$ cat run.tsv   # TSV, C-alpha atoms and all ligand atoms
chain	number	residue	atom	x	y	z
A	25	MET	CA	-26.94	88.02	118.25
A	26	PRO	CA	-26.74	87.59	122.05
A	27	LEU	CA	-23.21	87.46	123.44
A	28	PRO	CA	-22.50	84.44	125.68
A	29	THR	CA	-20.53	86.66	128.09
A	30	ILE	CA	-20.87	84.29	131.04
A	31	GLU	CA	-22.74	81.00	131.32
A	32	TRP	CA	-23.15	78.23	133.87
A	33	GLU	CA	-22.58	74.78	132.39
A	34	GLY	CA	-24.19	71.74	133.97
A	35	ASP	CA	-25.79	71.07	137.33
A	36	ILE	CA	-24.62	71.99	140.82
A	37	ASN	CA	-21.29	70.27	140.08
A	38	GLY	CA	-20.89	72.27	136.87
A	39	ARG	CA	-18.59	75.11	135.89
A	40	ILE	CA	-18.58	78.68	134.59
A	41	ARG	CA	-17.77	79.39	130.97
A	42	LEU	CA	-16.88	82.97	130.10
A	43	ILE	CA	-15.43	84.96	127.23
A	44	ASP	CA	-11.86	85.93	128.13
A	45	GLN	CA	-12.22	89.67	127.54
A	46	THR	CA	-8.51	90.31	127.95
A	47	LEU	CA	-7.93	88.63	124.57
A	48	LEU	CA	-10.49	90.61	122.56
A	49	PRO	CA	-10.67	91.85	119.88
A	50	THR	CA	-8.07	89.58	118.28
A	51	GLU	CA	-9.14	86.32	119.89
A	52	LEU	CA	-12.61	85.14	120.92
A	53	LYS	CA	-11.84	82.43	123.43
A	54	PHE	CA	-13.76	80.87	126.30
A	55	VAL	CA	-12.21	80.13	129.67
A	56	TYR	CA	-13.67	77.66	132.13
A	57	CYS	CA	-13.72	78.24	135.88
A	58	GLU	CA	-14.16	75.05	137.89
A	59	ASP	CA	-13.30	76.38	141.35
A	60	ILE	CA	-13.64	79.55	143.37
A	61	LYS	CA	-10.00	80.58	142.94
A	62	SER	CA	-10.26	80.58	139.18
A	63	ILE	CA	-13.38	82.78	139.10
A	64	TRP	CA	-11.77	85.16	141.65
A	65	HIS	CA	-8.76	85.38	139.33
A	66	ALA	CA	-11.02	85.91	136.27
A	67	ILE	CA	-12.76	88.84	138.00
A	68	LYS	CA	-9.51	90.34	139.31
A	69	THR	CA	-7.73	90.19	135.94
A	70	LEU	CA	-10.77	91.48	133.99
A	71	MET	CA	-11.36	88.33	131.98
A	72	VAL	CA	-14.91	89.09	133.07
A	73	ARG	CA	-15.59	92.74	133.80
A	74	GLY	CA	-18.31	95.38	133.77
A	75	ALA	CA	-20.49	95.88	136.84
A	76	PRO	CA	-23.50	93.64	136.02
A	77	ALA	CA	-21.29	90.87	134.61
A	78	ILE	CA	-19.18	90.95	137.78
A	79	GLY	CA	-22.39	90.60	139.79
A	80	ILE	CA	-23.30	87.48	137.84
A	81	ALA	CA	-19.75	86.11	138.05
A	82	GLY	CA	-19.76	86.61	141.83
A	83	ALA	CA	-23.11	84.83	142.19
A	84	MET	CA	-21.98	81.90	140.04
A	85	GLY	CA	-18.67	81.96	141.92
A	86	VAL	CA	-20.60	81.30	145.12
A	87	VAL	CA	-21.95	78.09	143.57
A	88	LEU	CA	-18.37	77.02	142.79
A	89	GLY	CA	-17.34	77.96	146.31
A	90	VAL	CA	-20.00	75.89	148.07
A	91	LYS	CA	-20.05	72.79	145.94
A	92	ASP	CA	-17.44	70.94	148.04
A	93	ILE	CA	-18.60	72.20	151.45
A	94	GLN	CA	-19.41	69.20	153.66
A	95	ALA	CA	-21.14	70.98	156.55
A	96	LYS	CA	-22.72	68.95	159.37
A	97	ASP	CA	-25.82	71.19	159.40
A	98	THR	CA	-27.19	74.29	157.71
A	99	ASP	CA	-25.84	76.65	160.40
A	100	ALA	CA	-22.33	75.38	159.76
A	101	PHE	CA	-22.98	75.70	156.02
A	102	LEU	CA	-24.05	79.34	156.36
A	103	LYS	CA	-20.80	80.10	158.23
A	104	GLU	CA	-18.75	78.60	155.43
A	105	LEU	CA	-20.86	80.44	152.87
A	106	LYS	CA	-19.90	83.72	154.57
A	107	GLN	CA	-16.23	82.89	154.00
A	108	VAL	CA	-16.97	82.24	150.34
A	109	THR	CA	-18.75	85.57	149.82
A	110	THR	CA	-16.07	87.48	151.75
A	111	TYR	CA	-13.38	85.94	149.57
A	112	LEU	CA	-15.20	86.77	146.32
A	113	GLY	CA	-15.98	90.29	147.53
A	114	ALA	CA	-12.26	90.95	147.90
A	115	SER	CA	-11.67	90.59	144.15
A	116	ARG	CA	-12.73	94.11	143.08
A	117	PRO	CA	-14.06	96.88	145.34
A	118	THR	CA	-15.87	99.47	143.22
A	119	ALA	CA	-18.74	97.85	141.30
A	120	VAL	CA	-21.51	97.46	143.87
A	121	ASN	CA	-23.23	94.84	141.70
A	122	LEU	CA	-20.68	92.31	142.97
A	123	PHE	CA	-21.75	92.88	146.59
A	124	TRP	CA	-25.41	93.09	145.59
A	125	GLY	CA	-25.09	89.67	143.90
A	126	LEU	CA	-23.26	88.16	146.89
A	127	ASP	CA	-25.91	89.58	149.26
A	128	ARG	CA	-28.66	87.99	147.20
A	129	MET	CA	-26.90	84.65	147.38
A	130	GLU	CA	-26.54	84.87	151.17
A	131	ARG	CA	-30.17	85.86	151.49
A	132	ILE	CA	-31.46	82.90	149.48
A	133	ALA	CA	-29.32	80.56	151.58
A	134	ARG	CA	-30.76	82.01	154.79
A	135	GLU	CA	-34.29	81.73	153.42
A	136	ASN	CA	-33.67	78.01	152.78
A	137	LYS	CA	-32.03	77.40	156.15
A	138	ASP	CA	-34.70	74.94	157.23
A	139	THR	CA	-34.03	72.62	154.30
A	140	SER	CA	-30.94	70.41	153.79
A	141	VAL	CA	-27.43	71.43	152.71
A	142	PRO	CA	-27.87	69.89	149.20
A	143	GLU	CA	-31.16	71.78	148.86
A	144	ILE	CA	-29.51	75.08	149.81
A	145	LYS	CA	-26.79	74.43	147.23
A	146	GLU	CA	-29.43	73.86	144.57
A	147	ALA	CA	-31.28	77.04	145.65
A	148	LEU	CA	-27.99	78.95	145.28
A	149	LEU	CA	-27.49	77.67	141.74
A	150	GLN	CA	-31.05	78.64	140.82
A	151	GLU	CA	-30.55	82.11	142.32
A	152	ALA	CA	-27.36	82.67	140.30
A	153	LEU	CA	-29.19	81.68	137.11
A	154	ARG	CA	-32.08	83.97	138.07
A	155	ILE	CA	-29.68	86.91	138.52
A	156	GLN	CA	-28.29	86.23	135.05
A	157	ASN	CA	-31.70	85.88	133.39
A	158	GLU	CA	-33.08	88.96	135.12
A	159	ASP	CA	-30.11	90.95	133.85
A	160	LYS	CA	-30.97	90.04	130.27
A	161	ILE	CA	-34.48	91.43	130.74
A	162	ILE	CA	-33.23	94.49	132.65
A	163	CYS	CA	-30.79	95.41	129.87
A	164	ARG	CA	-33.56	95.27	127.22
A	165	GLN	CA	-35.69	97.49	129.45
A	166	ILE	CA	-32.85	99.99	129.88
A	167	GLY	CA	-32.53	100.07	126.10
A	168	GLU	CA	-36.28	100.71	125.72
A	169	ASN	CA	-36.28	103.43	128.37
A	170	GLY	CA	-33.20	105.21	127.06
A	171	ALA	CA	-33.63	105.07	123.30
A	172	GLY	CA	-36.14	107.93	123.37
A	173	LEU	CA	-33.37	110.25	124.54
A	174	ILE	CA	-31.34	109.62	121.39
A	175	LYS	CA	-32.34	111.84	118.49
A	176	ASP	CA	-32.22	110.61	114.93
A	177	GLY	CA	-29.00	111.71	113.22
A	178	SER	CA	-27.11	112.42	116.45
A	179	GLY	CA	-23.52	111.73	117.42
A	180	VAL	CA	-23.14	109.87	120.71
A	181	LEU	CA	-19.95	109.56	122.73
A	182	THR	CA	-19.36	106.65	125.07
A	183	HIS	CA	-16.51	105.75	127.41
A	184	CYS	CA	-15.27	102.29	128.42
A	185	ASN	CA	-17.52	99.32	127.64
A	186	ALA	CA	-21.08	99.08	128.91
A	187	GLY	CA	-22.23	96.59	126.30
A	188	GLY	CA	-23.21	92.93	126.14
A	189	LEU	CA	-19.75	91.98	127.35
A	190	ALA	CA	-20.28	93.95	130.56
A	191	THR	CA	-23.67	92.37	131.30
A	192	ALA	CA	-25.53	89.09	130.76
A	193	ASP	CA	-26.34	90.40	127.28
A	194	TYR	CA	-27.14	93.62	125.35
A	195	GLY	CA	-25.53	96.07	127.78
A	196	THR	CA	-26.64	99.23	129.52
A	197	ALA	CA	-25.22	102.31	127.75
A	198	LEU	CA	-24.85	100.31	124.54
A	199	ALA	CA	-28.38	98.89	124.99
A	200	VAL	CA	-29.65	102.44	124.53
A	201	LEU	CA	-27.72	102.68	121.26
A	202	PHE	CA	-28.70	99.19	120.05
A	203	LYS	CA	-32.36	100.04	120.69
A	204	ALA	CA	-32.09	103.43	118.97
A	205	LYS	CA	-30.70	101.67	115.92
A	206	GLU	CA	-33.47	99.02	116.06
A	207	GLN	CA	-35.95	101.92	116.03
A	208	GLY	CA	-34.44	103.02	112.72
A	209	LYS	CA	-32.49	105.99	114.05
A	210	HIS	CA	-29.23	106.88	112.38
A	211	ILE	CA	-26.56	107.45	114.98
A	212	LYS	CA	-22.82	107.95	114.86
A	213	VAL	CA	-21.00	106.66	117.91
A	214	TYR	CA	-17.64	107.97	119.12
A	215	ALA	CA	-15.91	105.51	121.45
A	216	ASP	CA	-13.11	106.70	123.70
A	217	GLU	CA	-10.36	104.10	123.61
A	218	THR	CA	-10.28	104.19	127.46
A	219	ARG	CA	-6.76	104.07	128.77
A	220	PRO	CA	-5.08	102.14	130.24
A	221	LEU	CA	-6.84	98.85	129.43
A	222	LEU	CA	-8.61	99.98	126.25
A	223	GLN	CA	-12.08	98.64	126.97
A	224	GLY	CA	-13.42	101.21	124.47
A	225	ALA	CA	-11.04	100.24	121.66
A	226	ARG	CA	-10.96	96.51	122.30
A	227	LEU	CA	-14.53	95.81	123.46
A	228	THR	CA	-16.95	98.64	122.59
A	229	ALA	CA	-15.54	99.04	119.09
A	230	TRP	CA	-15.68	95.26	118.64
A	231	GLU	CA	-19.31	95.06	119.76
A	232	LEU	CA	-20.47	98.02	117.68
A	233	VAL	CA	-18.65	96.95	114.52
A	234	HIS	CA	-20.36	93.55	114.83
A	235	ALA	CA	-23.74	95.23	115.42
A	236	GLY	CA	-23.34	97.31	112.26
A	237	ILE	CA	-23.38	100.62	114.16
A	238	ASP	CA	-21.44	103.56	112.71
A	239	ILE	CA	-18.54	103.71	115.17
A	240	THR	CA	-15.49	105.94	115.23
A	241	LEU	CA	-12.70	105.26	117.70
A	242	ILE	CA	-10.92	108.19	119.30
A	243	CYS	CA	-8.18	108.51	121.91
A	244	ASP	CA	-9.47	109.71	125.28
A	245	ASN	CA	-7.77	113.10	124.89
A	246	MET	CA	-9.69	113.80	121.66
A	247	ALA	CA	-13.16	113.92	123.20
A	248	GLY	CA	-13.12	117.69	123.84
A	249	HIS	CA	-12.00	118.45	120.30
A	250	VAL	CA	-14.68	116.17	118.82
A	251	MET	CA	-17.32	117.92	120.93
A	252	LYS	CA	-16.05	121.34	119.86
A	253	LEU	CA	-16.37	120.26	116.24
A	254	GLY	CA	-20.10	119.71	116.92
A	255	ARG	CA	-19.99	115.99	116.27
A	256	VAL	CA	-21.42	114.88	119.63
A	257	GLN	CA	-25.01	115.58	120.68
A	258	CYS	CA	-25.03	113.45	123.82
A	259	VAL	CA	-22.87	111.20	126.00
A	260	VAL	CA	-24.05	107.81	127.30
A	261	VAL	CA	-21.97	105.80	129.77
A	262	GLY	CA	-22.50	102.95	132.22
A	263	ALA	CA	-21.89	102.96	135.96
A	264	ASP	CA	-20.21	100.89	138.66
A	265	ARG	CA	-21.83	102.45	141.71
A	266	ILE	CA	-24.35	105.26	142.12
A	267	ALA	CA	-24.65	106.95	145.51
A	268	ALA	CA	-27.99	108.02	147.03
A	269	ASN	CA	-27.47	111.57	145.73
A	270	GLY	CA	-26.75	110.44	142.14
A	271	ASP	CA	-22.96	110.78	142.18
A	272	THR	CA	-21.75	108.05	139.86
A	273	ALA	CA	-18.55	106.00	139.74
A	274	ASN	CA	-17.58	104.72	136.33
A	275	LYS	CA	-14.36	103.93	134.46
A	276	ILE	CA	-11.52	106.39	135.00
A	277	GLY	CA	-11.89	109.27	132.55
A	278	THR	CA	-15.68	109.44	132.78
A	279	TYR	CA	-15.48	112.46	135.10
A	280	SER	CA	-13.34	114.35	132.58
A	281	VAL	CA	-15.84	113.53	129.83
A	282	SER	CA	-18.64	114.89	132.02
A	283	ILE	CA	-16.80	118.21	132.44
A	284	LEU	CA	-16.26	118.43	128.69
A	285	ALA	CA	-19.94	117.69	128.08
A	286	LYS	CA	-20.97	120.39	130.58
A	287	GLU	CA	-18.68	122.94	128.94
A	288	HIS	CA	-20.17	122.14	125.52
A	289	LYS	CA	-23.77	121.99	126.85
A	290	ILE	CA	-24.14	118.37	125.75
A	291	PRO	CA	-26.45	116.12	127.84
A	292	PHE	CA	-24.58	113.46	129.79
A	293	TYR	CA	-26.56	110.27	130.43
A	294	VAL	CA	-25.78	107.32	132.71
A	295	ALA	CA	-27.43	103.96	131.95
A	296	ALA	CA	-27.44	101.40	134.77
A	297	PRO	CA	-29.62	98.79	136.44
A	298	VAL	CA	-31.16	99.50	139.82
A	299	SER	CA	-28.64	97.04	141.31
A	300	THR	CA	-25.90	99.64	140.64
A	301	PHE	CA	-27.40	102.07	143.16
A	302	ASP	CA	-25.89	102.01	146.63
A	303	LEU	CA	-28.38	103.89	148.76
A	304	SER	CA	-26.33	103.13	151.87
A	305	ILE	CA	-23.88	105.87	150.91
A	306	THR	CA	-24.89	109.48	150.77
A	307	SER	CA	-22.43	110.73	148.15
A	308	GLY	CA	-19.73	109.67	145.74
A	309	ASN	CA	-17.02	110.54	148.29
A	310	GLU	CA	-17.79	107.23	150.00
A	311	ILE	CA	-17.31	105.07	146.91
A	312	PRO	CA	-14.18	102.89	147.21
A	313	ILE	CA	-12.00	103.44	144.16
A	314	GLU	CA	-9.96	100.47	143.00
A	315	GLU	CA	-6.26	101.10	142.37
A	316	ARG	CA	-4.61	98.76	139.93
A	317	SER	CA	-1.11	97.71	139.11
A	318	PRO	CA	1.33	100.36	137.75
A	319	GLU	CA	2.30	97.97	134.96
A	320	GLU	CA	-1.07	98.60	133.29
A	321	ILE	CA	0.27	102.09	132.55
A	322	THR	CA	4.01	101.55	132.18
A	323	ASN	CA	3.91	98.22	130.39
A	324	GLY	CA	0.45	97.94	128.86
A	325	PHE	CA	-0.07	94.93	126.60
A	326	GLY	CA	3.57	93.90	126.95
A	327	LYS	CA	5.28	97.03	125.65
A	328	ARG	CA	7.27	99.24	128.00
A	329	THR	CA	6.23	102.88	127.48
A	330	ALA	CA	7.67	104.57	130.59
A	331	PRO	CA	11.06	104.53	132.30
A	332	GLU	CA	11.83	101.97	135.01
A	333	GLY	CA	11.32	103.40	138.49
A	334	VAL	CA	8.79	106.11	137.55
A	335	LYS	CA	6.03	106.71	140.11
A	336	VAL	CA	2.56	105.74	138.88
A	337	PHE	CA	-0.98	106.40	140.10
A	338	ASN	CA	-3.54	104.07	138.54
A	339	PRO	CA	-7.10	104.53	139.86
A	340	ALA	CA	-9.50	102.41	137.81
A	341	PHE	CA	-12.60	104.57	138.40
A	342	ASP	CA	-13.61	108.15	139.09
A	343	VAL	CA	-16.77	109.80	140.32
A	344	THR	CA	-18.96	112.07	138.22
A	345	PRO	CA	-21.02	114.45	140.36
A	346	ALA	CA	-24.79	114.21	139.98
A	347	SER	CA	-24.85	117.86	138.90
A	348	HIS	CA	-23.13	116.85	135.64
A	349	ILE	CA	-25.67	114.14	134.85
A	350	ALA	CA	-28.76	115.02	132.80
A	351	ALA	CA	-30.47	111.70	133.51
A	352	ILE	CA	-29.91	108.18	134.81
A	353	ILE	CA	-31.59	105.54	132.67
A	354	THR	CA	-32.72	102.46	134.62
A	355	GLU	CA	-34.99	99.49	133.92
A	356	LYS	CA	-37.63	101.15	136.08
A	357	GLY	CA	-37.58	104.44	134.20
A	358	VAL	CA	-35.49	107.56	133.61
A	359	ILE	CA	-34.40	109.76	136.52
A	360	HIS	CA	-34.01	113.27	135.14
A	361	SER	CA	-31.75	115.69	137.05
A	362	PRO	CA	-30.72	112.99	139.52
A	363	SER	CA	-30.88	114.04	143.16
A	364	ARG	CA	-31.65	112.19	146.38
A	365	GLU	CA	-35.35	113.11	146.03
A	366	ASN	CA	-35.65	112.18	142.34
A	367	ILE	CA	-33.85	108.88	142.91
A	368	GLN	CA	-36.02	107.98	145.89
A	369	ARG	CA	-39.14	108.85	143.93
A	370	LEU	CA	-38.33	106.18	141.34
A	371	LEU	CA	-36.62	103.57	143.47
A	372	GLY	CA	-38.09	103.87	146.94
A	373	THR	CA	-35.61	103.51	149.81
A	374	SER	CA	-35.12	99.78	150.38
A	375	MET	CA	-32.55	98.92	147.77
A	376	ARG	CA	-30.08	96.75	149.65
A	401	LIG	O1	-12.79	97.93	134.90
A	401	LIG	P1	-14.03	97.55	134.16
A	401	LIG	O2	-13.78	97.20	132.73
A	401	LIG	O3	-14.81	96.48	134.89
A	401	LIG	O4	-14.92	98.87	134.17
A	401	LIG	C1	-16.19	98.80	133.60
A	401	LIG	C2	-16.91	100.09	133.57
A	401	LIG	O5	-16.46	101.09	134.10
A	401	LIG	C3	-18.28	100.07	132.96
A	401	LIG	O6	-18.55	101.29	132.34
A	401	LIG	C4	-19.33	99.82	134.04
A	401	LIG	O7	-19.00	98.69	134.79
A	401	LIG	C5	-20.69	99.67	133.48
A	401	LIG	S1	-20.89	98.14	132.63
A	401	LIG	C6	-22.50	97.99	132.13
$ encode --input "run.tsv" --output "structure tokens" --more "lines below"
Ligand code: MRU
Amino acid sequence: MPLPTIEWEGDINGRIRLIDQTLLPTELKFVYCEDIKSIWHAIKTLMVRGAPAIGIAGAMGVVLGVKDIQAKDTDAFLKELKQVTTYLGASRPTAVNLFWGLDRMERIARENKDTSVPEIKEALLQEALRIQNEDKIICRQIGENGAGLIKDGSGVLTHCNAGGLATADYGTALAVLFKAKEQGKHIKVYADETRPLLQGARLTAWELVHAGIDITLICDNMAGHVMKLGRVQCVVVGADRIAANGDTANKIGTYSVSILAKEHKIPFYVAAPVSTFDLSITSGNEIPIEERSPEEITNGFGKRTAPEGVKVFNPAFDVTPASHIAAIITEKGVIHSPSRENIQRLLGTSMR
């Protein structure tokens, strides 16, 4: 059943309804964002998270941000719109889908510059809904394109959550697994719990249990052992930003998994929409890595697990080099042995 990860309710004066992912798996609760500050806060605190879902949240956030703008003309409106997108873009730095979504919103406003302010606002709402609906189709296509890589009877390891909760619906990495199951393949999924915020344990395990997929939860530091035991035949993860050369940022710990997969000669696949590529950067070294609060490590979920005063480093993402990636699965097709040339062949050059 489709997950109502994030929805727009009502007309231009409406609001965003989203699943508060910080409460899962014990509580399935919706939160409502009626103004730009509340959606900024929801993105920042990971109530809504996952690159494509953040892109949709940003686009819908723009609609919240412009609804009370009383500009005297469309030029003045576009100036205020810029402030709105800049503000939303400051919520989280790594997932490029956020900036891609905000860019699309600015573009549609510019294209409608010769209409009236109310008409631009309506065009912005329609664009946000289009981004959401397109993502649903894109995720199904990623599932279709990737499922062929999953062999019947195989064990698949995934890290973090790249499922329906991280997208409009159906997911990216998990779409590949959902589709493989729909095709009648028997798969066993190993989900890393994904310290420090446990997106694997709380969200991926929750989604896969509900989908009736054979899922085994492991701590992050068990992945190498599980591979050595021969239980994993491939790895599939999502992505937050993919550089022009195929270097891929994803949840912290993904890089370590890629090294383990390489050592055990296990193919490592990335599943992501084209909107996750950032062709303006040449390599992963240029990807901004979000650093989050030390309390996520020292005091996760309300229990103190480290001494007061200890130094903490808490990067939320890391970069997996393209050389560790067997293929990137997109809605447009599969890029085997990702490199600048192979990526350009599938995508062309004019991404953003
Ligand atoms: O910090 P998060 O939970 O937003 O991180 C999410 C991930 O790293 C996902 O793997 C990625 O965004 C892909 S989601 C389809």
$ residues_near_ligand --input "run.tsv" --ligand "ligand LIG 401 (chain A)" --cutoff "9 Å" --atoms "only C-alpha atoms and all ligand atoms" --output "JSON, numbers by chain"
{"A": [67, 70, 72, 73, 74, 75, 76, 77, 78, 116, 118, 119, 121, 163, 183, 184, 185, 186, 187, 188, 189, 190, 191, 195, 196, 197, 198, 221, 222, 223, 261, 262, 263, 264, 265, 273, 274, 275, 276, 278, 295, 296, 297, 300, 314, 340, 341]}
$ residues_around --input "run.tsv" --residues "Arg369 in chain A" --least-positions-apart "4" --cutoff "12 Å" --atoms "only C-alpha atoms" --output "list in words"
Ala268, Lys356, Gly357, Val358, Ile359, His360, Pro362, Ser363, Arg364, Glu365, Thr373 and Ser374 of chain A
$ atom_distance --input "run.tsv" --atom1 "CA of Val200 in chain A" --atom2 "CA of Met71 in chain A"
24.3 Å
$ closest_residue --input "run.tsv" --among "A:Thr109, A:Gln257, A:Gln45, A:Asn309" --to "Leu181 in chain A" --atoms "only C-alpha atoms"
A:Gln257
$ closest_residue --input "run.tsv" --among "A:Asp271, A:Arg134, A:Lys205, A:Lys286" --to "Glu310 in chain A" --atoms "only C-alpha atoms"
A:Asp271
$ atom_distance --input "run.tsv" --atom1 "CA of Glu332 in chain A" --atom2 "CA of Asp216 in chain A"
27.8 Å
$ atom_distance --input "run.tsv" --atom1 "CA of Tyr293 in chain A" --atom2 "CA of Leu173 in chain A"
9.0 Å
$ decode --input "run.tsv" --residues "range 230-277 of chain A" --atoms "C-alpha atoms" --output "PDB file, in the first residue's frame"
ATOM      1  CA  TRP A 230       9.347  -1.111   9.529  1.00  0.00           C
ATOM      2  CA  GLU A 231       8.710  -0.774   5.789  1.00  0.00           C
ATOM      3  CA  LEU A 232      10.009  -4.232   4.910  1.00  0.00           C
ATOM      4  CA  VAL A 233       8.167  -6.009   7.723  1.00  0.00           C
ATOM      5  CA  HIS A 234       4.948  -4.376   6.472  1.00  0.00           C
ATOM      6  CA  ALA A 235       5.754  -5.377   2.880  1.00  0.00           C
ATOM      7  CA  GLY A 236       6.218  -9.011   3.914  1.00  0.00           C
ATOM      8  CA  ILE A 237       9.882  -9.073   2.863  1.00  0.00           C
ATOM      9  CA  ASP A 238      12.262 -11.391   4.726  1.00  0.00           C
ATOM     10  CA  ILE A 239      14.258  -8.827   6.708  1.00  0.00           C
ATOM     11  CA  THR A 240      17.007  -9.297   9.267  1.00  0.00           C
ATOM     12  CA  LEU A 241      18.256  -6.335  11.255  1.00  0.00           C
ATOM     13  CA  ILE A 242      21.954  -6.111  12.063  1.00  0.00           C
ATOM     14  CA  CYS A 243      24.118  -3.539  13.819  1.00  0.00           C
ATOM     15  CA  ASP A 244      26.308  -1.548  11.431  1.00  0.00           C
ATOM     16  CA  ASN A 245      29.478  -3.237  12.692  1.00  0.00           C
ATOM     17  CA  MET A 246      28.129  -6.692  11.751  1.00  0.00           C
ATOM     18  CA  ALA A 247      27.999  -6.124   7.990  1.00  0.00           C
ATOM     19  CA  GLY A 248      31.515  -7.460   7.328  1.00  0.00           C
ATOM     20  CA  HIS A 249      30.877 -10.612   9.334  1.00  0.00           C
ATOM     21  CA  VAL A 250      27.561 -11.237   7.564  1.00  0.00           C
ATOM     22  CA  MET A 251      29.304 -10.850   4.194  1.00  0.00           C
ATOM     23  CA  LYS A 252      32.082 -13.224   5.250  1.00  0.00           C
ATOM     24  CA  LEU A 253      29.452 -15.797   6.177  1.00  0.00           C
ATOM     25  CA  GLY A 254      28.297 -15.670   2.526  1.00  0.00           C
ATOM     26  CA  ARG A 255      24.862 -14.333   3.336  1.00  0.00           C
ATOM     27  CA  VAL A 256      25.033 -11.219   1.131  1.00  0.00           C
ATOM     28  CA  GLN A 257      25.155 -11.388  -2.673  1.00  0.00           C
ATOM     29  CA  CYS A 258      24.728  -7.670  -3.336  1.00  0.00           C
ATOM     30  CA  VAL A 259      24.353  -4.284  -1.641  1.00  0.00           C
ATOM     31  CA  VAL A 260      21.721  -1.722  -2.685  1.00  0.00           C
ATOM     32  CA  VAL A 261      21.660   1.773  -1.185  1.00  0.00           C
ATOM     33  CA  GLY A 262      20.177   5.161  -2.022  1.00  0.00           C
ATOM     34  CA  ALA A 263      22.022   8.432  -2.570  1.00  0.00           C
ATOM     35  CA  ASP A 264      21.901  12.071  -1.504  1.00  0.00           C
ATOM     36  CA  ARG A 265      24.164  13.550  -4.167  1.00  0.00           C
ATOM     37  CA  ILE A 266      26.081  11.998  -7.054  1.00  0.00           C
ATOM     38  CA  ALA A 267      28.963  13.948  -8.574  1.00  0.00           C
ATOM     39  CA  ALA A 268      29.671  14.046 -12.328  1.00  0.00           C
ATOM     40  CA  ASN A 269      32.263  11.265 -11.936  1.00  0.00           C
ATOM     41  CA  GLY A 270      29.881   8.944 -10.031  1.00  0.00           C
ATOM     42  CA  ASP A 271      31.201   9.547  -6.507  1.00  0.00           C
ATOM     43  CA  THR A 272      28.144   9.195  -4.301  1.00  0.00           C
ATOM     44  CA  ALA A 273      27.195  10.744  -0.965  1.00  0.00           C
ATOM     45  CA  ASN A 274      24.829   8.700   1.154  1.00  0.00           C
ATOM     46  CA  LYS A 275      24.175   8.140   4.858  1.00  0.00           C
ATOM     47  CA  ILE A 276      27.267   7.919   7.039  1.00  0.00           C
ATOM     48  CA  GLY A 277      28.537   4.336   7.037  1.00  0.00           C
TER      49      GLY A 277
END
